[in-house]
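Here the structure comes first, spelled out in C-alpha cells, and everything after it is commentary.
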2 protein chains.
Amino acid sequence: MNKEIDINKIVSKLRSVLPASCGTISLHEPSFKGNEWKYIKECLDTGWVSSVGKYVDEFEYKLAEFTGVKRAVAVANGTAALHICLKLVGVRDNDEVLMPALTFVATANAVAYCNAVPHFVDSEERTLGIDPFKLKKYLAEISEIRAGACFNKKTGCRIKAVIPMHTFGHPVDLDPLIDVCSLYKLELIEDAAESLGSYYKERHTGNFGKLSALSFNGNKIITTGGGGAILTNDEELGKLAKHITTTAKLPHKWNFYHDMVGYNYRMPNINAALGCAQLEQLPFFIEKKRRVTENYKKVFSGIDGIQLFQEPKFARSNYWLNVLLLDEKNAPMRDALLEGTNNAGILARPAWVLMNQLPMFKDCPHMDLHISEKLEKRLINIPSSPELS
Amino acid sequence: MNKEIDINKIVSKLRSVLPASCGTISLHEPSFKGNEWKYIKECLDTGWVSSVGKYVDEFEYKLAEFTGVKRAVAVANGTAALHICLKLVGVRDNDEVLMPALTFVATANAVAYCNAVPHFVDSEERTLGIDPFKLKKYLAEISEIRAGACFNKKTGCRIKAVIPMHTFGHPVDLDPLIDVCSLYKLELIEDAAESLGSYYKERHTGNFGKLSALSFNGNKIITTGGGGAILTNDEELGKLAKHITTTAKLPHKWNFYHDMVGYNYRMPNINAALGCAQLEQLPFFIEKKRRVTENYKKVFSGIDGIQLFQEPKFARSNYWLNVLLLDEKNAPMRDALLEGTNNAGILARPAWVLMNQLPMFKDCPHMDLHISEKLEKRLINIPSSPELS
C-alpha cells in the first residue's frame, strides 16, 4: 500500500543522522587523512610528476591486488577506461552495445567514441542495474546468431557487447547475465566506475567482464583527482591495454617508433600518488560508508511512502551513493523532496535522465524501459561520504 | 663544404656548458621552485582536487592572458586538445588533414580519432616545420576547389584543415601559410604543444589558428603532470570547447541533462594548481632556456660538420629542445653521436620517425618529403632544461 510522504519528516530524519553543519552537506566528499601529502610531495621533490613514475606502477599493482584481477591499468578517467575496454573487445563502427538506459552518460559516450550505437535495456528494482532475465527474453525476440555473432534482426547491425553498470555501487546479477553473454556471443564489459569495494558472491566486481572500468573522479569512493582504470584477468589484453593507453611506442633507448594508434590516456604520476594514499584507506572508507547506510536504515525503517535501498542478497556493496526510493504513488513528490532537502542544506539529487531521453541518443534502439522509467522518477541519492559516519 | 665531425669533441663541448653531474643529464626536466607545494596542499586541505575548482578557472584565465588569446580551455593532455580542435573545425570521417611528416605521433593520432586521414607535407630547414611555399605548389597540383571546399583530386576526399606543428618550439612561417589556407579553404589549427612562450612576429603562437593546442606533459616548458589546453580567439568556439571537453551537462541545480556527446577531457584541479604555480615562473623559464641556447651557441660556433639550430628570423622561440644539425655528409654519424653523448651521461635523441614510416600511417597520402627525410637523419636534440643555465 502506498502512503503519502511527509517531506519535513524526511528532512528531519536525514538531519538526525548527519553531522550538524554550518554549511551544506555534499553528496560525496573525498577524505585526505592518509599519506596523500607525503606521496605528492615526493613527486614534486623528485620531479616525477608526469606519465611515468613509480606511483603509477604501484597504484596499478595495488589495485590489481585489492580487486583480485590479474592486471590493472591506470588511465585518465573512467570514460577513457570504458573507451579502451570497448576497443579491445573489438567493438567496431555501427556495432550495437547493450547497456542500461539508467546509467551515467559516460557509458553511452564511450560507445559513441567507437562510432558504435548504444542499445538501451531495462533495469530491475532488485539491483537498479540490467535485468538479465528480461534481456534474455528480448534478445530471443530481436536477435539472431549468424556466423558466431549476434545480429539485431531489425537494424541488421551486429550486437557485440553488453556493459552492465553497477549502479551506485550495487552489483548487478552477474551469473545470469554471463549466461546471456554466452548464449548470444556477447562480450561482457563491467562498468564498475561506482563499485570499487563492492563484491558479487564474494568476488570483487570487475572480475567478471573480459575487461572492466573503474573511476576515481572526485566524487568516487577513492579519488586521484581525475582518473580511472581498466581491469582484466587476461594478461595479454592487460599488456595491450597498457600499450594502447600510452602513445604505443616500442621500447628503445632513443627511437620514437609507435606501432599502432595510441590514445594517450595515461594517468600522471602525481595523480597516481594520490591514488596510492587513498587506496591504503579504502577498507576503512568501505566500513565507514556501510556505517552511514546503517544509520540511514535505522531512521528510515517504518517511514511511510519511502524506502532506503538495500544491497542485493548476493552482494556486498560499497554503498557508494545511498538511495531513497519513493513508493510509486509518491513519485510526483520527488522534486518537492529534492527542494526540501537541498533547501535544508542537505544536497540530494535525482537519478540521471535516462540515456534514451538525451538528444544524441534518442534514436538509438531500446527495449521496453518501464522499470527504468519508474525508478528514475522515484529515486533520490542522499549524502554518503565516509566522514558522515 | 661538409667537414667530418669529431664525436669526442662534441661531447666535450656539451660537457663544457652543462653542469657537472654525477648522474645523467636529461633532455628536459621540470623545475618546481615556486608555489607548487602551496597550491597543491590547498587543494588537499580543501578537498577540491577534481574536475571543478578555482585553479582550473585561474589556470585558464592566466593562460589566455599570457598567450593573448580570448579563451583557453584546460584539458587532460595535448593529444586531447588536438582532438577537440579537429572536431570543432568540423573535421569528419574520411576528411584529409594536412600536417608535417616530421612531428610527434600525437598530431597524426588526433586525426585518426576523428576517422580522418593525415596527409603528410614536407618541412623546411629554416623552421623545421611545414614549408608553406612547397605546400602551395603541391595543392595547386593535387587539389581542386568545389562548392567552397578543397578536394584531393586523386583520393576524392575533402581536405579540411592544416595543422602546422611548431617544432621544438620554433614557429613555422605563419603568414604565407595563412595565405595558403585562405586560398584553399583550409581551417588552420596550430599544434603549439611545444611552443608555449614562442612568438611569431611578436604575437604568441596559438593566436593564428582558429583553434590551437598546448601541452603540459612532464617534458614541456611548464608541466601540470599531464595536461594540455585549447586556445582560441573565437569566444563562441571557446565556450563550445569548454562544454564538449566536459560531459556536456547543461547547468541545473540537480538534473543530469547532457545535450551532446562530451569527451570528458577535463584537467583536474590538482593538476591545474601545479600549472598555476608553473605559469608564474614561465617568463623566467623562457629566459633561462634562451640562456642555455646562448651557451650552446658559444661552444658550437666554428665546430666542423655540425650546427646549432637558430630560431627563424621572424620568431622569438622558447627553444624548448635545442637541436644540433649534422651536415648532410655526416648524417650517417648520427647514431654514433647519440651513442657518444648517451654513454657520456648526456641524454640526446633523434627526431621522431617520420609519420609516413609508421605502420598505421604508411598508406596515408603524402607529398615529396625529401627535406623532412634529410632533417630526420641529421637532427639530434640535446639537454635543454631551464636549470641547465
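Here, A, B, ... name the chains of the C-alpha cells in the order displayed, residue numbers run from 1 inside each chain, and ligands are numbered from 1 in the same displayed order.
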Skip range 113-121 of chain B itself and residues of its chain fewer than 3 positions away, then list as a PDB file with N, CA and C atoms, in the first residue's frame all residues within 6 Å of it, counting only C-alpha atoms.
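The file below, around-v7.pdb, is the result:
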ATOM      1  N   ASP B  93      34.561  12.109 -40.833  1.00  0.00           N
ATOM      2  CA  ASP B  93      35.035  10.840 -41.394  1.00  0.00           C
ATOM      3  C   ASP B  93      35.594  11.044 -42.802  1.00  0.00           C
ATOM      4  N   ASN B  94      36.770  10.482 -43.051  1.00  0.00           N
ATOM      5  CA  ASN B  94      37.395  10.450 -44.382  1.00  0.00           C
ATOM      6  C   ASN B  94      37.935  11.782 -44.884  1.00  0.00           C
ATOM      7  N   ASP B  95      37.770  12.863 -44.111  1.00  0.00           N
ATOM      8  CA  ASP B  95      38.452  14.114 -44.463  1.00  0.00           C
ATOM      9  C   ASP B  95      39.959  13.886 -44.398  1.00  0.00           C
ATOM     10  N   GLU B  96      40.693  14.661 -45.190  1.00  0.00           N
ATOM     11  CA  GLU B  96      42.147  14.656 -45.058  1.00  0.00           C
ATOM     12  C   GLU B  96      42.591  15.904 -44.296  1.00  0.00           C
ATOM     13  N   VAL B  97      43.613  15.729 -43.469  1.00  0.00           N
ATOM     14  CA  VAL B  97      44.154  16.847 -42.696  1.00  0.00           C
ATOM     15  C   VAL B  97      45.652  16.925 -42.960  1.00  0.00           C
ATOM     16  N   LEU B  98      46.085  18.062 -43.496  1.00  0.00           N
ATOM     17  CA  LEU B  98      47.496  18.259 -43.833  1.00  0.00           C
ATOM     18  C   LEU B  98      48.309  18.484 -42.567  1.00  0.00           C
ATOM     19  N   MET B  99      49.462  17.866 -42.482  1.00  0.00           N
ATOM     20  CA  MET B  99      50.340  18.041 -41.318  1.00  0.00           C
ATOM     21  C   MET B  99      51.748  17.638 -41.715  1.00  0.00           C
ATOM     22  N   PRO B 100      52.745  18.108 -40.970  1.00  0.00           N
ATOM     23  CA  PRO B 100      54.116  17.707 -41.305  1.00  0.00           C
ATOM     24  C   PRO B 100      54.332  16.217 -41.042  1.00  0.00           C
ATOM     25  N   ALA B 101      55.176  15.602 -41.882  1.00  0.00           N
ATOM     26  CA  ALA B 101      55.583  14.216 -41.601  1.00  0.00           C
ATOM     27  C   ALA B 101      56.520  14.194 -40.403  1.00  0.00           C
ATOM     28  N   ALA B 108      49.161  13.150 -35.607  1.00  0.00           N
ATOM     29  CA  ALA B 108      48.504  12.209 -36.521  1.00  0.00           C
ATOM     30  C   ALA B 108      47.450  11.372 -35.798  1.00  0.00           C
ATOM     31  N   ALA B 110      45.516  12.226 -33.346  1.00  0.00           N
ATOM     32  CA  ALA B 110      44.301  13.018 -33.124  1.00  0.00           C
ATOM     33  C   ALA B 110      43.425  13.007 -34.381  1.00  0.00           C
ATOM     34  N   PRO B 365      48.171   9.573 -47.683  1.00  0.00           N
ATOM     35  CA  PRO B 365      48.760  10.373 -48.766  1.00  0.00           C
ATOM     36  C   PRO B 365      49.893  11.272 -48.251  1.00  0.00           C
ATOM     37  N   HIS B 366      50.869  11.526 -49.091  1.00  0.00           N
ATOM     38  CA  HIS B 366      51.946  12.463 -48.719  1.00  0.00           C
ATOM     39  C   HIS B 366      52.567  13.063 -49.970  1.00  0.00           C
ATOM     40  N   MET B 367      53.133  14.237 -49.823  1.00  0.00           N
ATOM     41  CA  MET B 367      53.883  14.855 -50.939  1.00  0.00           C
ATOM     42  C   MET B 367      55.327  14.371 -50.896  1.00  0.00           C
TER      43      MET B 367
END
Would you write out, as a Markdown table, a table of all residues in chain B that have an atom no more than 8 Å from an atom of chain A, listing for each the closest atom pair and the distance in Å to one decimal, considering only C-alpha atoms and ordering rows by chain and rising residue number?
| residue | atom | partner | partner_atom | distance |
| --- | --- | --- | --- | --- |
| B:Glu29 | CA | A:Gly47 | CA | 7.3 |
| B:Pro30 | CA | A:Gly47 | CA | 6.3 |
| B:Ser31 | CA | A:Gly47 | CA | 7.2 |
| B:Phe32 | CA | A:Leu44 | CA | 6.7 |
| B:Glu36 | CA | A:Leu44 | CA | 8.0 |
| B:Trp37 | CA | A:Lys41 | CA | 7.2 |
| B:Lys41 | CA | A:Trp37 | CA | 7.1 |
| B:Leu44 | CA | A:Phe32 | CA | 6.6 |
| B:Asp45 | CA | A:Phe32 | CA | 7.7 |
| B:Gly47 | CA | A:Pro30 | CA | 6.2 |
| B:Trp48 | CA | A:Gly218 | CA | 7.9 |
| B:Val49 | CA | A:Gly225 | CA | 4.8 |
| B:Ser50 | CA | A:Gly225 | CA | 4.1 |
| B:Ser51 | CA | A:Gly226 | CA | 6.6 |
| B:Ala76 | CA | A:Ala76 | CA | 7.4 |
| B:Asn77 | CA | A:Asn264 | CA | 8.0 |
| B:Thr79 | CA | A:Asn264 | CA | 7.0 |
| B:Val105 | CA | A:Thr247 | CA | 7.6 |
| B:Ala106 | CA | A:Thr247 | CA | 7.6 |
| B:Asn109 | CA | A:Val261 | CA | 5.8 |
| B:Ala112 | CA | A:Val261 | CA | 7.5 |
| B:Asn217 | CA | A:Ser50 | CA | 6.5 |
| B:Gly218 | CA | A:Ser50 | CA | 4.8 |
| B:Thr224 | CA | A:Ser50 | CA | 7.8 |
| B:Gly225 | CA | A:Ser50 | CA | 4.1 |
| B:Gly226 | CA | A:Pro268 | CA | 5.5 |
| B:Thr247 | CA | A:Val105 | CA | 7.6 |
| B:Trp254 | CA | A:Arg349 | CA | 5.4 |
| B:Asn255 | CA | A:Pro350 | CA | 6.8 |
| B:Phe256 | CA | A:Trp352 | CA | 5.2 |
| B:Tyr257 | CA | A:Val353 | CA | 6.2 |
| B:His258 | CA | A:Leu358 | CA | 6.6 |
| B:Asp259 | CA | A:Pro359 | CA | 6.0 |
| B:Met260 | CA | A:Met360 | CA | 5.7 |
| B:Val261 | CA | A:Asn109 | CA | 5.8 |
| B:Gly262 | CA | A:Asn109 | CA | 7.0 |
| B:Tyr263 | CA | A:Asn109 | CA | 7.6 |
| B:Asn264 | CA | A:Thr79 | CA | 7.0 |
| B:Met267 | CA | A:Gly226 | CA | 7.5 |
| B:Pro268 | CA | A:Gly225 | CA | 5.5 |
| B:Asn269 | CA | A:Gly225 | CA | 7.1 |
| B:Ile270 | CA | A:Gly225 | CA | 6.5 |
| B:Ala348 | CA | A:Trp254 | CA | 7.8 |
| B:Arg349 | CA | A:Trp254 | CA | 5.4 |
| B:Pro350 | CA | A:Asn255 | CA | 6.8 |
| B:Ala351 | CA | A:Phe256 | CA | 7.8 |
| B:Trp352 | CA | A:Phe256 | CA | 5.2 |
| B:Val353 | CA | A:Phe256 | CA | 5.8 |
| B:Leu358 | CA | A:His258 | CA | 6.6 |
| B:Pro359 | CA | A:Asp259 | CA | 6.0 |
| B:Met360 | CA | A:Met260 | CA | 5.7 |
Would you export the selected residues with C-alpha atoms as an mmCIF file, in the first residue's frame, please?
data_model
loop_
_atom_site.group_PDB
_atom_site.id
_atom_site.type_symbol
_atom_site.label_atom_id
_atom_site.label_comp_id
_atom_site.auth_asym_id
_atom_site.auth_seq_id
_atom_site.Cartn_x
_atom_site.Cartn_y
_atom_site.Cartn_z
ATOM 1 C CA GLU B 29 63.358 18.217 -16.573
ATOM 2 C CA PRO B 30 60.663 20.201 -14.810
ATOM 3 C CA SER B 31 61.596 22.700 -12.098
ATOM 4 C CA PHE B 32 59.386 23.123 -9.028
ATOM 5 C CA GLU B 36 53.682 24.302 -6.462
ATOM 6 C CA TRP B 37 53.531 22.817 -2.943
ATOM 7 C CA LYS B 41 48.380 21.483 -0.475
ATOM 8 C CA LEU B 44 44.162 18.650 -0.481
ATOM 9 C CA ASP B 45 43.230 20.728 2.568
ATOM 10 C CA GLY B 47 39.114 18.695 -0.762
ATOM 11 C CA TRP B 48 38.959 20.366 -4.198
ATOM 12 C CA VAL B 49 41.139 18.039 -6.231
ATOM 13 C CA SER B 50 38.891 17.010 -9.093
ATOM 14 C CA SER B 51 37.347 18.366 -12.271
ATOM 15 C CA ALA B 76 43.801 16.270 -19.959
ATOM 16 C CA ASN B 77 46.691 16.482 -22.430
ATOM 17 C CA THR B 79 46.509 14.992 -27.767
ATOM 18 C CA VAL B 105 52.750 10.996 -33.247
ATOM 19 C CA ALA B 106 50.021 12.856 -31.314
ATOM 20 C CA ASN B 109 46.744 10.170 -33.805
ATOM 21 C CA ALA B 112 42.838 9.171 -36.610
ATOM 22 C CA ASN B 217 53.375 16.999 -20.291
ATOM 23 C CA GLY B 218 56.272 16.469 -17.864
ATOM 24 C CA THR B 224 50.782 20.010 -14.951
ATOM 25 C CA GLY B 225 51.840 16.362 -14.633
ATOM 26 C CA GLY B 226 49.718 15.575 -17.661
ATOM 27 C CA THR B 247 30.320 15.776 -20.039
ATOM 28 C CA TRP B 254 20.321 18.764 -9.790
ATOM 29 C CA ASN B 255 19.285 17.410 -13.188
ATOM 30 C CA PHE B 256 21.704 15.425 -15.356
ATOM 31 C CA TYR B 257 20.812 16.581 -18.821
ATOM 32 C CA HIS B 258 23.601 16.424 -21.413
ATOM 33 C CA ASP B 259 22.941 17.924 -24.835
ATOM 34 C CA MET B 260 25.766 16.368 -26.884
ATOM 35 C CA VAL B 261 28.456 13.705 -26.731
ATOM 36 C CA GLY B 262 31.072 15.119 -24.349
ATOM 37 C CA TYR B 263 34.663 13.902 -24.221
ATOM 38 C CA ASN B 264 35.424 14.164 -20.504
ATOM 39 C CA MET B 267 42.062 18.758 -16.305
ATOM 40 C CA PRO B 268 41.718 18.001 -12.563
ATOM 41 C CA ASN B 269 42.022 20.941 -10.164
ATOM 42 C CA ILE B 270 45.117 19.455 -8.528
ATOM 43 C CA ALA B 348 70.260 13.110 -26.511
ATOM 44 C CA ARG B 349 67.785 11.755 -29.002
ATOM 45 C CA PRO B 350 66.973 11.838 -32.701
ATOM 46 C CA ALA B 351 63.886 13.445 -34.222
ATOM 47 C CA TRP B 352 60.738 11.334 -34.411
ATOM 48 C CA VAL B 353 60.486 8.622 -37.033
ATOM 49 C CA LEU B 358 54.838 4.273 -39.026
ATOM 50 C CA PRO B 359 52.749 1.180 -39.792
ATOM 51 C CA MET B 360 49.347 2.765 -39.078
#
Distance criterion (only C-alpha atoms): nearest to Leu308 in chain B out of B:Ile382, B:Leu18, B:Ala273, B:Glu280: B:Ile382
Neighbour list for Ala147 in chain B as number ranges by chain, cut-off 12 Å, only C-alpha atoms, skip fewer than 2 positions in-chain: B: 144-145, 149-151, 158, 184-185
Selection file, N, CA and C atoms, as a PDB file, in the first residue's frame:
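selection_21.pdb, written as the output of this step:
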ATOM      1  N   GLU B 144      41.460  20.491 -55.972  1.00  0.00           N
ATOM      2  CA  GLU B 144      40.551  21.397 -56.682  1.00  0.00           C
ATOM      3  C   GLU B 144      39.517  21.921 -55.689  1.00  0.00           C
ATOM      4  N   ILE B 145      39.034  23.116 -55.978  1.00  0.00           N
ATOM      5  CA  ILE B 145      38.007  23.699 -55.111  1.00  0.00           C
ATOM      6  C   ILE B 145      36.642  23.408 -55.741  1.00  0.00           C
ATOM      7  N   ALA B 149      34.907  24.087 -51.006  1.00  0.00           N
ATOM      8  CA  ALA B 149      35.785  23.218 -50.206  1.00  0.00           C
ATOM      9  C   ALA B 149      36.898  22.674 -51.099  1.00  0.00           C
ATOM     10  N   CYS B 150      37.968  22.251 -50.468  1.00  0.00           N
ATOM     11  CA  CYS B 150      39.128  21.742 -51.191  1.00  0.00           C
ATOM     12  C   CYS B 150      39.047  20.211 -51.263  1.00  0.00           C
ATOM     13  N   PHE B 151      39.249  19.657 -52.440  1.00  0.00           N
ATOM     14  CA  PHE B 151      39.218  18.202 -52.596  1.00  0.00           C
ATOM     15  C   PHE B 151      40.524  17.703 -53.191  1.00  0.00           C
ATOM     16  N   ARG B 158      37.727  15.232 -49.152  1.00  0.00           N
ATOM     17  CA  ARG B 158      37.832  16.648 -48.818  1.00  0.00           C
ATOM     18  C   ARG B 158      39.105  16.876 -47.994  1.00  0.00           C
ATOM     19  N   TYR B 184      42.938  27.948 -50.282  1.00  0.00           N
ATOM     20  CA  TYR B 184      42.441  26.573 -50.441  1.00  0.00           C
ATOM     21  C   TYR B 184      41.349  26.207 -49.426  1.00  0.00           C
ATOM     22  N   LYS B 185      40.758  27.210 -48.784  1.00  0.00           N
ATOM     23  CA  LYS B 185      39.604  26.985 -47.890  1.00  0.00           C
ATOM     24  C   LYS B 185      39.922  25.964 -46.797  1.00  0.00           C
TER      25      LYS B 185
END
Fewer than 4 positions away in the same chain doesn't count, so skip those; otherwise give me all residues within 10 Å of Cys181 in chain A, counting only C-alpha atoms, as a CSV table (one decimal) with C-alpha atoms, in the first residue's frame.
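Written out: result35.csv:
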chain,number,residue,atom,x,y,z
A,132,PRO,CA,19.4,-10.2,-17.2
A,136,LYS,CA,17.4,-12.8,-22.4
A,160,LYS,CA,28.9,-7.1,-30.0
A,161,ALA,CA,28.9,-6.4,-26.2
A,162,VAL,CA,27.0,-5.7,-23.1
A,175,ASP,CA,25.7,-15.0,-13.2
A,176,PRO,CA,22.5,-15.0,-15.3
A,177,LEU,CA,24.0,-12.1,-17.3
A,185,LYS,CA,28.0,-14.4,-28.2
A,186,LEU,CA,28.3,-11.1,-26.4
A,187,GLU,CA,31.5,-9.7,-24.8
A,188,LEU,CA,30.9,-8.6,-21.2
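Of note, CA of Asn152 in chain A and CA of Leu135 in chain A are spaced 13.3 Å apart.
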One-decimal distance in Å that lies between CA of Tyr200 in chain B and CA of Asp327 in chain B: 27.0 Å
12 Å contact set for Lys297 in chain B, only C-alpha atoms, chain neighbours under 4 positions out, as a ChimeraX atom specification: /B:13-14,17,290-293,301-303,306-311,322-324
Write the residues you've just listed into a file as a CSV table (one decimal), in the first residue's frame, and include C-alpha atoms for each of them.
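Saved result, out11.csv, follows:
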chain,number,residue,atom,x,y,z
B,13,LYS,CA,81.8,20.8,-25.9
B,14,LEU,CA,78.5,19.7,-24.4
B,17,VAL,CA,78.4,24.1,-20.8
B,290,ARG,CA,67.3,31.1,-24.0
B,291,ARG,CA,70.5,31.4,-21.9
B,292,VAL,CA,71.1,27.6,-22.3
B,293,THR,CA,70.9,28.1,-26.1
B,301,SER,CA,80.2,28.1,-33.4
B,302,GLY,CA,83.1,27.1,-35.6
B,303,ILE,CA,82.8,23.4,-34.9
B,306,ILE,CA,77.6,20.4,-37.2
B,307,GLN,CA,75.4,23.4,-36.4
B,308,LEU,CA,73.3,24.6,-33.6
B,309,PHE,CA,69.8,25.3,-34.9
B,310,GLN,CA,68.8,29.0,-34.5
B,311,GLU,CA,65.3,30.5,-34.3
B,322,ASN,CA,67.8,22.6,-28.6
B,323,VAL,CA,68.8,21.0,-31.9
B,324,LEU,CA,72.2,20.1,-33.4
Which of range 254-363 of chain B fall in alpha helix (DSSP H), as a VMD selection string: chain B and resid 269 to 300 334 to 343
Residues just named, written with N, CA and C atoms as a CSV table (one decimal), in the first residue's frame:
chain,number,residue,atom,x,y,z
B,269,ASN,N,41.6,19.7,-10.9
B,269,ASN,CA,42.0,20.9,-10.2
B,269,ASN,C,43.4,20.8,-9.6
B,270,ILE,N,43.8,19.6,-9.1
B,270,ILE,CA,45.1,19.5,-8.5
B,270,ILE,C,46.2,19.7,-9.6
B,271,ASN,N,45.9,19.2,-10.8
B,271,ASN,CA,46.9,19.4,-11.9
B,271,ASN,C,47.0,20.9,-12.3
B,272,ALA,N,45.8,21.5,-12.3
B,272,ALA,CA,45.7,23.0,-12.6
B,272,ALA,C,46.5,23.8,-11.6
B,273,ALA,N,46.4,23.4,-10.3
B,273,ALA,CA,47.1,24.1,-9.2
B,273,ALA,C,48.6,24.1,-9.5
B,274,LEU,N,49.1,22.9,-10.0
B,274,LEU,CA,50.5,22.8,-10.4
B,274,LEU,C,50.8,23.8,-11.5
B,275,GLY,N,49.9,23.8,-12.5
B,275,GLY,CA,50.0,24.6,-13.7
B,275,GLY,C,50.1,26.1,-13.3
B,276,CYS,N,49.2,26.5,-12.3
B,276,CYS,CA,49.2,27.9,-11.9
B,276,CYS,C,50.6,28.3,-11.4
B,277,ALA,N,51.1,27.5,-10.5
B,277,ALA,CA,52.5,27.8,-10.0
B,277,ALA,C,53.5,27.8,-11.0
B,278,GLN,N,53.4,26.9,-12.0
B,278,GLN,CA,54.4,26.8,-13.1
B,278,GLN,C,54.3,28.1,-14.0
B,279,LEU,N,53.1,28.5,-14.2
B,279,LEU,CA,52.9,29.6,-15.1
B,279,LEU,C,53.5,30.9,-14.6
B,280,GLU,N,53.4,31.0,-13.3
B,280,GLU,CA,54.1,32.2,-12.6
B,280,GLU,C,55.6,32.3,-13.0
B,281,GLN,N,56.2,31.1,-13.2
B,281,GLN,CA,57.6,31.1,-13.4
B,281,GLN,C,58.0,31.0,-14.9
B,282,LEU,N,57.0,31.0,-15.8
B,282,LEU,CA,57.2,30.8,-17.2
B,282,LEU,C,58.2,31.9,-17.8
B,283,PRO,N,58.0,33.1,-17.5
B,283,PRO,CA,58.9,34.1,-18.0
B,283,PRO,C,60.4,33.8,-17.7
B,284,PHE,N,60.6,33.4,-16.4
B,284,PHE,CA,62.0,33.0,-16.0
B,284,PHE,C,62.5,31.8,-16.8
B,285,PHE,N,61.6,30.8,-16.9
B,285,PHE,CA,62.0,29.6,-17.6
B,285,PHE,C,62.4,29.9,-19.1
B,286,ILE,N,61.6,30.8,-19.7
B,286,ILE,CA,62.0,31.2,-21.1
B,286,ILE,C,63.4,31.8,-21.1
B,287,GLU,N,63.6,32.8,-20.2
B,287,GLU,CA,64.9,33.5,-20.2
B,287,GLU,C,66.0,32.5,-19.9
B,288,LYS,N,65.8,31.6,-19.0
B,288,LYS,CA,66.8,30.6,-18.7
B,288,LYS,C,67.1,29.7,-19.9
B,289,LYS,N,66.0,29.3,-20.5
B,289,LYS,CA,66.2,28.4,-21.7
B,289,LYS,C,66.9,29.1,-22.8
B,290,ARG,N,66.6,30.3,-23.0
B,290,ARG,CA,67.3,31.1,-24.0
B,290,ARG,C,68.8,31.2,-23.7
B,291,ARG,N,69.1,31.3,-22.4
B,291,ARG,CA,70.5,31.4,-21.9
B,291,ARG,C,71.2,30.0,-22.2
B,292,VAL,N,70.5,28.9,-22.0
B,292,VAL,CA,71.1,27.6,-22.3
B,292,VAL,C,71.5,27.6,-23.8
B,293,THR,N,70.6,28.1,-24.6
B,293,THR,CA,70.9,28.1,-26.1
B,293,THR,C,72.1,29.0,-26.3
B,294,GLU,N,72.2,30.2,-25.7
B,294,GLU,CA,73.4,31.1,-25.9
B,294,GLU,C,74.7,30.4,-25.5
B,295,ASN,N,74.6,29.6,-24.4
B,295,ASN,CA,75.8,28.8,-24.0
B,295,ASN,C,76.2,27.8,-25.1
B,296,TYR,N,75.2,27.1,-25.6
B,296,TYR,CA,75.5,26.1,-26.7
B,296,TYR,C,76.1,26.9,-27.9
B,297,LYS,N,75.5,28.0,-28.2
B,297,LYS,CA,75.9,28.8,-29.4
B,297,LYS,C,77.4,29.1,-29.3
B,298,LYS,N,77.8,29.5,-28.1
B,298,LYS,CA,79.2,29.9,-27.9
B,298,LYS,C,80.1,28.7,-28.3
B,299,VAL,N,79.8,27.6,-27.7
B,299,VAL,CA,80.7,26.5,-27.9
B,299,VAL,C,80.6,25.8,-29.2
B,300,PHE,N,79.5,25.9,-29.9
B,300,PHE,CA,79.3,25.2,-31.2
B,300,PHE,C,79.6,26.1,-32.4
B,334,ARG,N,75.0,10.0,-37.2
B,334,ARG,CA,74.1,10.4,-36.2
B,334,ARG,C,74.0,9.4,-35.0
B,335,ASP,N,73.8,8.1,-35.3
B,335,ASP,CA,73.7,7.1,-34.2
B,335,ASP,C,74.9,7.0,-33.4
B,336,ALA,N,76.1,7.1,-34.1
B,336,ALA,CA,77.4,7.1,-33.3
B,336,ALA,C,77.4,8.3,-32.4
B,337,LEU,N,77.0,9.4,-32.8
B,337,LEU,CA,77.0,10.6,-32.0
B,337,LEU,C,76.0,10.4,-30.8
B,338,LEU,N,74.8,9.8,-31.1
B,338,LEU,CA,73.9,9.6,-30.0
B,338,LEU,C,74.5,8.6,-29.0
B,339,GLU,N,75.2,7.6,-29.5
B,339,GLU,CA,75.9,6.6,-28.6
B,339,GLU,C,76.9,7.4,-27.7
B,340,GLY,N,77.6,8.3,-28.4
B,340,GLY,CA,78.7,9.0,-27.7
B,340,GLY,C,78.1,9.9,-26.6
B,341,THR,N,77.1,10.7,-26.9
B,341,THR,CA,76.5,11.6,-25.8
B,341,THR,C,75.8,10.8,-24.7
B,342,ASN,N,75.1,9.8,-25.1
B,342,ASN,CA,74.3,9.0,-24.1
B,342,ASN,C,75.3,8.2,-23.2
B,343,ASN,N,76.4,7.7,-23.8
B,343,ASN,CA,77.3,7.0,-23.0
B,343,ASN,C,78.0,7.9,-22.0
Every residue of range 16-148 of chain B that DSSP places in strand (DSSP E or B), as an MDAnalysis selection string: chainID B and resid 25 71:75 96:100 117:121 123 130 143:146
Nearest residue to Asp131 in chain B from the set B:Lys154, B:His252, B:Lys239, B:His166 (distances using only C-alpha atoms): B:His166
Coordinates-based distance that separates CA of Tyr319 in chain A from CA of Met333 in chain A (Å, one decimal): 24.3 Å
